[in-house]
file protein_35.txt (compact mmCIF, C-alpha atoms and all ligand atoms)
# COMPACT_ATOMS: atom_id res chain seq x y z
CA MET A 1244 97.75 60.73 96.24
CA SER A 1245 96.28 61.39 92.81
CA LEU A 1246 95.61 65.07 92.11
CA SER A 1247 93.06 64.31 89.39
CA PHE A 1248 90.48 66.38 91.28
CA LEU A 1249 92.35 69.60 90.48
CA LYS A 1250 90.67 71.94 87.97
CA PRO A 1251 92.00 74.74 85.74
CA LEU A 1252 91.52 78.32 86.93
CA PRO A 1253 87.97 79.65 86.33
CA ASP A 1254 87.71 81.75 83.16
CA TYR A 1255 86.93 85.01 84.90
CA LEU A 1256 90.19 84.76 86.86
CA VAL A 1257 92.17 83.93 83.74
CA GLN A 1258 90.70 87.03 82.07
CA ARG A 1259 91.50 89.18 85.10
CA TYR A 1260 95.05 87.86 85.15
CA TYR A 1261 95.68 88.70 81.48
CA GLY A 1262 94.21 92.14 82.11
CA TRP A 1263 96.68 92.69 84.95
CA LYS A 1264 99.60 91.33 82.90
CA ALA A 1265 98.82 93.68 80.00
CA THR A 1266 98.38 96.80 82.15
CA THR A 1267 99.73 96.92 85.72
CA PHE A 1268 102.59 94.53 85.06
CA GLU A 1269 103.43 95.93 81.65
CA ASN A 1270 103.50 99.50 82.98
CA ASN A 1271 105.73 98.59 85.92
CA LYS A 1272 108.00 96.00 84.36
CA SER A 1273 111.21 97.52 85.65
CA TRP A 1274 109.84 97.64 89.20
CA TYR A 1275 108.89 93.94 89.10
CA PHE A 1276 112.30 93.13 87.60
CA LYS A 1277 114.01 95.00 90.44
CA LEU A 1278 111.87 93.19 93.04
CA ALA A 1279 112.79 89.85 91.52
CA GLU A 1280 116.50 90.72 91.45
CA ASP A 1281 116.83 92.48 94.83
CA GLY A 1282 114.37 90.48 96.93
CA GLN A 1283 111.84 92.07 99.23
CA HIS A 1284 112.44 94.96 101.61
CA PRO A 1285 108.93 95.74 102.87
CA ARG A 1286 108.23 98.97 104.73
CA ALA A 1287 105.92 97.29 107.23
CA MET A 1288 104.23 94.10 108.28
CA ILE A 1289 100.44 94.28 108.36
CA ILE A 1290 98.39 91.79 110.34
CA SER A 1291 94.78 91.97 109.20
CA CYS A 1292 91.63 89.87 109.11
CA CYS A 1293 91.01 87.38 106.27
CA ASP A 1294 87.77 89.26 105.54
CA SER A 1295 87.60 89.97 101.79
CA ARG A 1296 86.36 93.51 102.43
CA VAL A 1297 89.58 94.54 104.19
CA HIS A 1298 91.47 95.69 101.11
CA VAL A 1299 94.82 96.30 102.76
CA THR A 1300 96.87 97.18 99.69
CA SER A 1301 94.14 99.43 98.33
CA ILE A 1302 93.71 101.40 101.57
CA PHE A 1303 97.38 102.37 101.54
CA GLY A 1304 97.72 102.55 97.75
CA SER A 1305 100.66 100.20 97.97
CA ASP A 1306 102.83 98.71 95.27
CA ALA A 1307 104.16 95.15 95.14
CA GLY A 1308 106.96 94.74 97.64
CA GLU A 1309 105.77 97.37 100.14
CA PHE A 1310 103.93 95.31 102.74
CA PHE A 1311 104.56 91.95 104.30
CA ILE A 1312 100.97 90.91 104.95
CA HIS A 1313 99.65 88.21 107.24
CA ARG A 1314 95.91 87.60 107.45
CA ASN A 1315 93.99 85.42 109.85
CA ILE A 1316 90.56 85.31 111.43
CA ALA A 1317 89.98 88.54 113.39
CA ASN A 1318 93.58 89.79 112.96
CA LEU A 1319 94.71 88.05 116.14
CA VAL A 1320 98.23 87.48 117.39
CA PRO A 1321 98.53 84.57 119.82
CA PRO A 1322 100.82 84.81 122.85
CA PHE A 1323 104.41 83.65 122.38
CA LYS A 1324 104.50 79.88 122.85
CA VAL A 1325 107.11 77.37 121.76
CA ASP A 1326 105.92 73.81 121.16
CA GLN A 1327 105.55 71.30 118.32
CA ASP A 1328 102.27 72.75 116.95
CA TYR A 1329 102.16 74.68 113.68
CA HIS A 1330 102.21 78.39 114.50
CA GLY A 1331 101.56 80.18 111.20
CA THR A 1332 101.03 83.65 112.63
CA SER A 1333 104.04 83.46 114.93
CA ALA A 1334 106.21 82.12 112.09
CA ALA A 1335 105.23 85.09 109.88
CA ILE A 1336 106.02 87.53 112.71
CA GLU A 1337 109.36 85.87 113.42
CA TYR A 1338 110.36 85.98 109.75
CA ALA A 1339 109.28 89.62 109.37
CA VAL A 1340 111.20 90.82 112.42
CA LYS A 1341 114.26 88.59 112.51
CA THR A 1342 114.95 88.07 108.81
CA LEU A 1343 113.35 91.01 106.99
CA LYS A 1344 114.00 93.41 109.89
CA ILE A 1345 110.82 95.34 109.14
CA PRO A 1346 110.61 98.62 111.06
CA HIS A 1347 106.81 98.66 111.64
CA ILE A 1348 104.12 96.14 112.54
CA ILE A 1349 100.56 97.35 111.96
CA VAL A 1350 97.63 95.40 113.42
CA LEU A 1351 94.52 96.32 111.44
CA GLY A 1352 91.08 95.54 112.88
CA HIS A 1353 87.83 96.28 111.07
CA SER A 1354 84.09 96.88 111.41
CA THR A 1355 81.42 94.15 111.10
CA CYS A 1356 84.04 91.44 111.63
CA GLY A 1357 82.45 87.99 111.41
CA GLY A 1358 85.11 86.51 113.68
CA VAL A 1359 84.46 89.11 116.37
CA ASN A 1360 80.71 88.72 116.01
CA ALA A 1361 81.01 84.93 116.46
CA SER A 1362 83.36 85.46 119.43
CA PHE A 1363 80.88 87.78 121.08
CA ASP A 1364 78.07 85.23 120.82
CA TYR A 1365 80.38 82.38 121.80
CA PHE A 1366 81.72 84.15 124.90
CA SER A 1367 78.22 85.36 125.79
CA GLY A 1368 77.04 81.74 125.80
CA ASN A 1369 74.74 82.31 122.82
CA GLN A 1370 76.65 80.05 120.49
CA PRO A 1371 77.59 77.10 122.70
CA ASP A 1372 77.96 74.73 119.75
CA LEU A 1373 80.81 76.66 118.15
CA TYR A 1374 83.43 74.72 120.10
CA ASN A 1375 81.97 71.35 119.12
CA ASP A 1376 81.23 72.34 115.53
CA SER A 1377 84.69 73.61 114.71
CA ASN A 1378 88.12 72.08 114.96
CA PHE A 1379 89.96 75.36 114.66
CA VAL A 1380 87.83 78.51 114.75
CA ALA A 1381 86.64 78.32 118.36
CA SER A 1382 90.08 77.54 119.77
CA TRP A 1383 91.59 80.34 117.67
CA LEU A 1384 89.03 82.84 118.98
CA GLU A 1385 90.01 81.93 122.56
CA ILE A 1386 92.85 84.44 122.07
CA LEU A 1387 90.17 87.10 122.35
CA ARG A 1388 88.42 85.78 125.47
CA PRO A 1389 90.34 87.97 127.98
CA SER A 1390 89.26 91.03 125.94
CA PHE A 1391 85.59 90.10 126.19
CA LYS A 1392 85.75 90.87 129.91
CA LYS A 1393 87.02 94.39 129.15
CA ILE A 1394 83.96 95.47 127.13
CA PRO A 1395 82.12 98.37 128.87
CA GLN A 1396 78.78 97.04 130.08
CA ASN A 1397 76.85 100.28 129.50
CA LEU A 1398 76.81 99.85 125.71
CA ASP A 1399 74.19 98.31 123.44
CA LYS A 1400 75.09 95.07 121.68
CA LYS A 1401 76.23 96.76 118.47
CA ASP A 1402 78.65 99.02 120.31
CA LYS A 1403 79.85 96.17 122.52
CA ILE A 1404 80.81 94.26 119.38
CA LYS A 1405 82.53 97.36 117.98
CA SER A 1406 84.43 97.64 121.26
CA LEU A 1407 85.49 93.99 120.92
CA GLU A 1408 86.63 94.65 117.33
CA LYS A 1409 88.99 97.29 118.70
CA GLN A 1410 90.08 94.95 121.48
CA THR A 1411 91.31 92.47 118.84
CA VAL A 1412 93.89 95.07 117.94
CA LEU A 1413 94.95 95.75 121.52
CA VAL A 1414 95.18 92.12 122.60
CA SER A 1415 97.27 91.42 119.52
CA ILE A 1416 99.62 94.29 120.38
CA GLU A 1417 99.88 93.00 123.95
CA ASN A 1418 100.62 89.51 122.68
CA LEU A 1419 103.23 90.82 120.24
CA MET A 1420 105.08 92.15 123.28
CA THR A 1421 105.30 88.59 124.69
CA PHE A 1422 107.65 87.69 121.82
CA PRO A 1423 111.17 88.24 123.27
CA PHE A 1424 112.65 89.36 119.94
CA ILE A 1425 109.90 91.99 119.53
CA LYS A 1426 110.32 93.30 123.07
CA LYS A 1427 114.05 93.62 122.38
CA CYS A 1428 113.47 95.53 119.11
CA ILE A 1429 111.06 97.91 120.86
CA GLU A 1430 113.64 98.55 123.58
CA ASP A 1431 116.29 99.12 120.91
CA GLU A 1432 113.85 101.41 119.01
CA THR A 1433 114.30 99.48 115.76
CA LEU A 1434 110.63 98.49 115.60
CA SER A 1435 107.34 100.37 116.11
CA LEU A 1436 103.94 98.82 116.70
CA HIS A 1437 100.70 100.44 115.48
CA GLY A 1438 97.07 99.60 116.21
CA LEU A 1439 94.48 100.54 113.56
CA TRP A 1440 90.75 99.96 113.08
CA HIS A 1441 89.03 100.43 109.74
CA ASP A 1442 85.33 101.13 109.16
CA ILE A 1443 84.45 99.33 105.94
CA GLY A 1444 81.20 101.21 105.26
CA SER A 1445 82.49 104.76 105.86
CA GLY A 1446 86.11 104.20 104.82
CA GLU A 1447 87.33 105.72 108.09
CA LEU A 1448 90.66 104.67 109.53
CA MET A 1449 91.42 105.09 113.23
CA TYR A 1450 94.54 104.51 115.28
CA TYR A 1451 94.95 103.71 118.94
CA GLU A 1452 96.30 106.64 120.91
CA ASN A 1453 97.85 105.69 124.19
CA GLN A 1454 97.32 109.03 125.97
CA SER A 1455 93.56 109.09 125.57
CA ASP A 1456 93.29 105.27 125.54
CA LYS A 1457 91.03 105.67 122.51
CA PHE A 1458 90.93 104.98 118.81
CA ILE A 1459 90.95 108.30 116.98
CA LEU A 1460 90.80 109.22 113.28
CA VAL A 1461 94.16 109.22 111.53
ZN ZN B 1501 87.24 90.17 110.36
call {"tool": "encode", "arguments": {"input": "protein_35.txt", "output": "structure tokens", "more": "lines below"}}
Ligand SMILES: [Zn+2]
result
Amino acid sequence: MSLSFLKPLPDYLVQRYYGWKATTFENNKSWYFKLAEDGQHPRAMIISCCDSRVHVTSIFGSDAGEFFIHRNIANLVPPFKVDQDYHGTSAAIEYAVKTLKIPHIIVLGHSTCGGVNASFDYFSGNQPDLYNDSNFVASWLEILRPSFKKIPQNLDKKDKIKSLEKQTVLVSIENLMTFPFIKKCIEDETLSLHGLWHDIGSGELMYYENQSDKFILV
């Protein structure tokens, strides 16, 4: 296949890159050199949404090499399943736990999530075409369907969607526990799982607390 359709990087990105090279990189040269020589030893894996507003590295003020980050639509982890399909999320999890031996996995949900919003309408029957219109999105969002049934019915639509946003985190944690190597690490206490939800507009960060069965401010 000819790649003649490929274009150079847009100017504004070239400018941004040279800005980074002259400042951040230049000021931390020895750190980048060490990362290149020693390989990566991230402190945690973060599974977050693809949403451009979820600025994972900024929220935690992290440096290069600190987080092993996997992003997908609505920060979902599928259940453990071995077949011949391409399992990008499961592959990232397997590599993080088995090879990098990361001690923490953080699932980070967020407010006004487009994937959750679409799921809510899709599961409510208000977006029946989603399945026919998409090859991948609708089937991916099926991971969240069991959570839709757990939404408290006494809420208005906005709060129901917020509840479903938090359920993305919990269903992902539940599904992480279906991976045998994760279950083993939890039993051996070499791995901790954490469920977080981030409000983009207010900057708040909440974590799931098992005792109260609620998300509370960190
Ligand atoms: Zn999202």
call {"tool": "residues_around", "arguments": {"input": "protein_35.txt", "residues": "segment 1405-1416 of chain A", "least_positions_apart": "5", "cutoff": "7 Å", "atoms": "all atoms listed in the file", "output": "list in words"}}
result
Ala1317, Asn1318, Leu1319, Val1320, Pro1321, Val1350, Leu1351, Gly1352, His1353, Ser1354, Val1359, Leu1387, Ser1390, Phe1391, Ile1394, Gly1438 and Trp1440 of chain A
call {"tool": "atom_distance", "arguments": {"input": "protein_35.txt", "atom1": "atom CA of Leu1419 of chain A", "atom2": "atom CA of Leu1278 of chain A"}}
result
28.6 Å
call {"tool": "closest_atom_pairs", "arguments": {"input": "protein_35.txt", "of": "segment 1307-1377 of chain A", "to": "segment 1255-1276 of chain A", "cutoff": "12 Å", "atoms": "all atoms listed in the file", "output": "tab-separated table"}}
result
residue	atom	partner	partner_atom	distance
A:Ala1307	CA	A:Tyr1275	CA	7.8
A:Gly1308	CA	A:Tyr1275	CA	8.8
A:Glu1309	CA	A:Trp1274	CA	11.7
call {"tool": "closest_residue", "arguments": {"input": "protein_35.txt", "among": "A:Lys1277, A:Asp1402, A:Leu1448, A:His1441", "to": "ligand ZN 1501 (chain B)", "atoms": "all atoms listed in the file"}}
result
A:His1441
call {"tool": "atom_distance", "arguments": {"input": "protein_35.txt", "atom1": "atom CA of Ser1377 of chain A", "atom2": "atom CA of Ile1290 of chain A"}}
result
23.2 Å
call {"tool": "closest_residue", "arguments": {"input": "protein_35.txt", "among": "A:Ala1339, A:His1330, A:Lys1392, A:Thr1355", "to": "ligand ZN 1501 (chain B)", "atoms": "only C-alpha atoms and all ligand atoms"}}
result
A:Thr1355
call {"tool": "atom_distance", "arguments": {"input": "protein_35.txt", "atom1": "atom CA of Asn1453 of chain A", "atom2": "atom CA of Glu1417 of chain A"}}
result
12.9 Å
call {"tool": "closest_residue", "arguments": {"input": "protein_35.txt", "among": "A:Gly1358, A:Pro1251, A:Pro1322, A:Gly1304", "to": "ligand ZN 1501 (chain B)", "atoms": "all atoms listed in the file"}}
result
A:Gly1358
call {"tool": "closest_residue", "arguments": {"input": "protein_35.txt", "among": "A:Thr1342, A:Thr1300, A:Ser1245, A:Asn1360", "to": "ligand ZN 1501 (chain B)", "atoms": "only C-alpha atoms and all ligand atoms"}}
result
A:Asn1360
call {"tool": "closest_residue", "arguments": {"input": "protein_35.txt", "among": "A:Pro1346, A:Gly1368, A:Gly1357, A:Pro1253", "to": "ligand ZN 1501 (chain B)", "atoms": "only C-alpha atoms and all ligand atoms"}}
result
A:Gly1357
call {"tool": "closest_residue", "arguments": {"input": "protein_35.txt", "among": "A:Asp1326, A:Glu1452, A:Asp1399, A:Asp1294", "to": "Arg1314 of chain A", "atoms": "all atoms listed in the file"}}
result
A:Asp1294
call {"tool": "axis_aligned_box", "arguments": {"input": "protein_35.txt", "around": "segment 1305-1312 of chain A", "padding_each_side": "4 Å", "output": "AutoDock Vina command-line options"}}
result
--center_x 103.8 --center_y 95.6 --center_z 100.0 --size_x 14.3 --size_y 17.3 --size_z 17.8
call {"tool": "residues_around", "arguments": {"input": "protein_35.txt", "residues": "segment 1429-1435 of chain A", "least_positions_apart": "2", "cutoff": "10 Å", "atoms": "only C-alpha atoms", "output": "list in words"}}
result
Ala1287, Val1340, Lys1344, Ile1345, Pro1346, His1347, Ile1348, Ile1349, Met1420, Pro1423, Phe1424, Ile1425, Lys1426, Lys1427 and His1437 of chain A
call {"tool": "decode", "arguments": {"input": "protein_35.txt", "residues": "segment 1421-1457 of chain A", "atoms": "C-alpha atoms", "output": "PDB file, in the first residue's frame"}}
result
ATOM      1  CA  THR A1421     -12.076 -11.863  36.830  1.00  0.00           C
ATOM      2  CA  PHE A1422      -8.459 -11.865  35.595  1.00  0.00           C
ATOM      3  CA  PRO A1423      -6.838 -14.826  37.425  1.00  0.00           C
ATOM      4  CA  PHE A1424      -3.422 -13.138  37.669  1.00  0.00           C
ATOM      5  CA  ILE A1425      -4.999 -10.041  39.263  1.00  0.00           C
ATOM      6  CA  LYS A1426      -7.011 -12.072  41.754  1.00  0.00           C
ATOM      7  CA  LYS A1427      -3.786 -13.868  42.708  1.00  0.00           C
ATOM      8  CA  CYS A1428      -1.878 -10.587  43.194  1.00  0.00           C
ATOM      9  CA  ILE A1429      -4.691  -9.207  45.371  1.00  0.00           C
ATOM     10  CA  GLU A1430      -4.606 -12.359  47.498  1.00  0.00           C
ATOM     11  CA  ASP A1431      -0.811 -12.078  47.746  1.00  0.00           C
ATOM     12  CA  GLU A1432      -1.170  -8.340  48.594  1.00  0.00           C
ATOM     13  CA  THR A1433       1.241  -7.310  45.848  1.00  0.00           C
ATOM     14  CA  LEU A1434      -1.396  -5.272  44.008  1.00  0.00           C
ATOM     15  CA  SER A1435      -4.039  -2.732  45.102  1.00  0.00           C
ATOM     16  CA  LEU A1436      -7.024  -1.586  43.079  1.00  0.00           C
ATOM     17  CA  HIS A1437      -8.465   1.940  43.364  1.00  0.00           C
ATOM     18  CA  GLY A1438     -11.664   3.439  41.977  1.00  0.00           C
ATOM     19  CA  LEU A1439     -11.710   7.201  41.317  1.00  0.00           C
ATOM     20  CA  TRP A1440     -14.147   9.650  39.730  1.00  0.00           C
ATOM     21  CA  HIS A1441     -13.115  13.116  38.605  1.00  0.00           C
ATOM     22  CA  ASP A1442     -15.385  16.146  38.158  1.00  0.00           C
ATOM     23  CA  ILE A1443     -13.949  18.062  35.222  1.00  0.00           C
ATOM     24  CA  GLY A1444     -15.750  21.353  35.919  1.00  0.00           C
ATOM     25  CA  SER A1445     -15.004  21.599  39.654  1.00  0.00           C
ATOM     26  CA  GLY A1446     -11.680  19.737  39.664  1.00  0.00           C
ATOM     27  CA  GLU A1447     -12.914  17.460  42.444  1.00  0.00           C
ATOM     28  CA  LEU A1448     -11.514  13.964  42.777  1.00  0.00           C
ATOM     29  CA  MET A1449     -13.444  11.239  44.602  1.00  0.00           C
ATOM     30  CA  TYR A1450     -12.593   7.678  45.521  1.00  0.00           C
ATOM     31  CA  TYR A1451     -14.817   4.702  46.139  1.00  0.00           C
ATOM     32  CA  GLU A1452     -14.984   3.773  49.800  1.00  0.00           C
ATOM     33  CA  ASN A1453     -16.132   0.253  50.418  1.00  0.00           C
ATOM     34  CA  GLN A1454     -17.524   0.809  53.940  1.00  0.00           C
ATOM     35  CA  SER A1455     -20.006   3.491  52.952  1.00  0.00           C
ATOM     36  CA  ASP A1456     -20.422   2.113  49.408  1.00  0.00           C
ATOM     37  CA  LYS A1457     -19.991   5.689  48.195  1.00  0.00           C
TER      38      LYS A1457
END
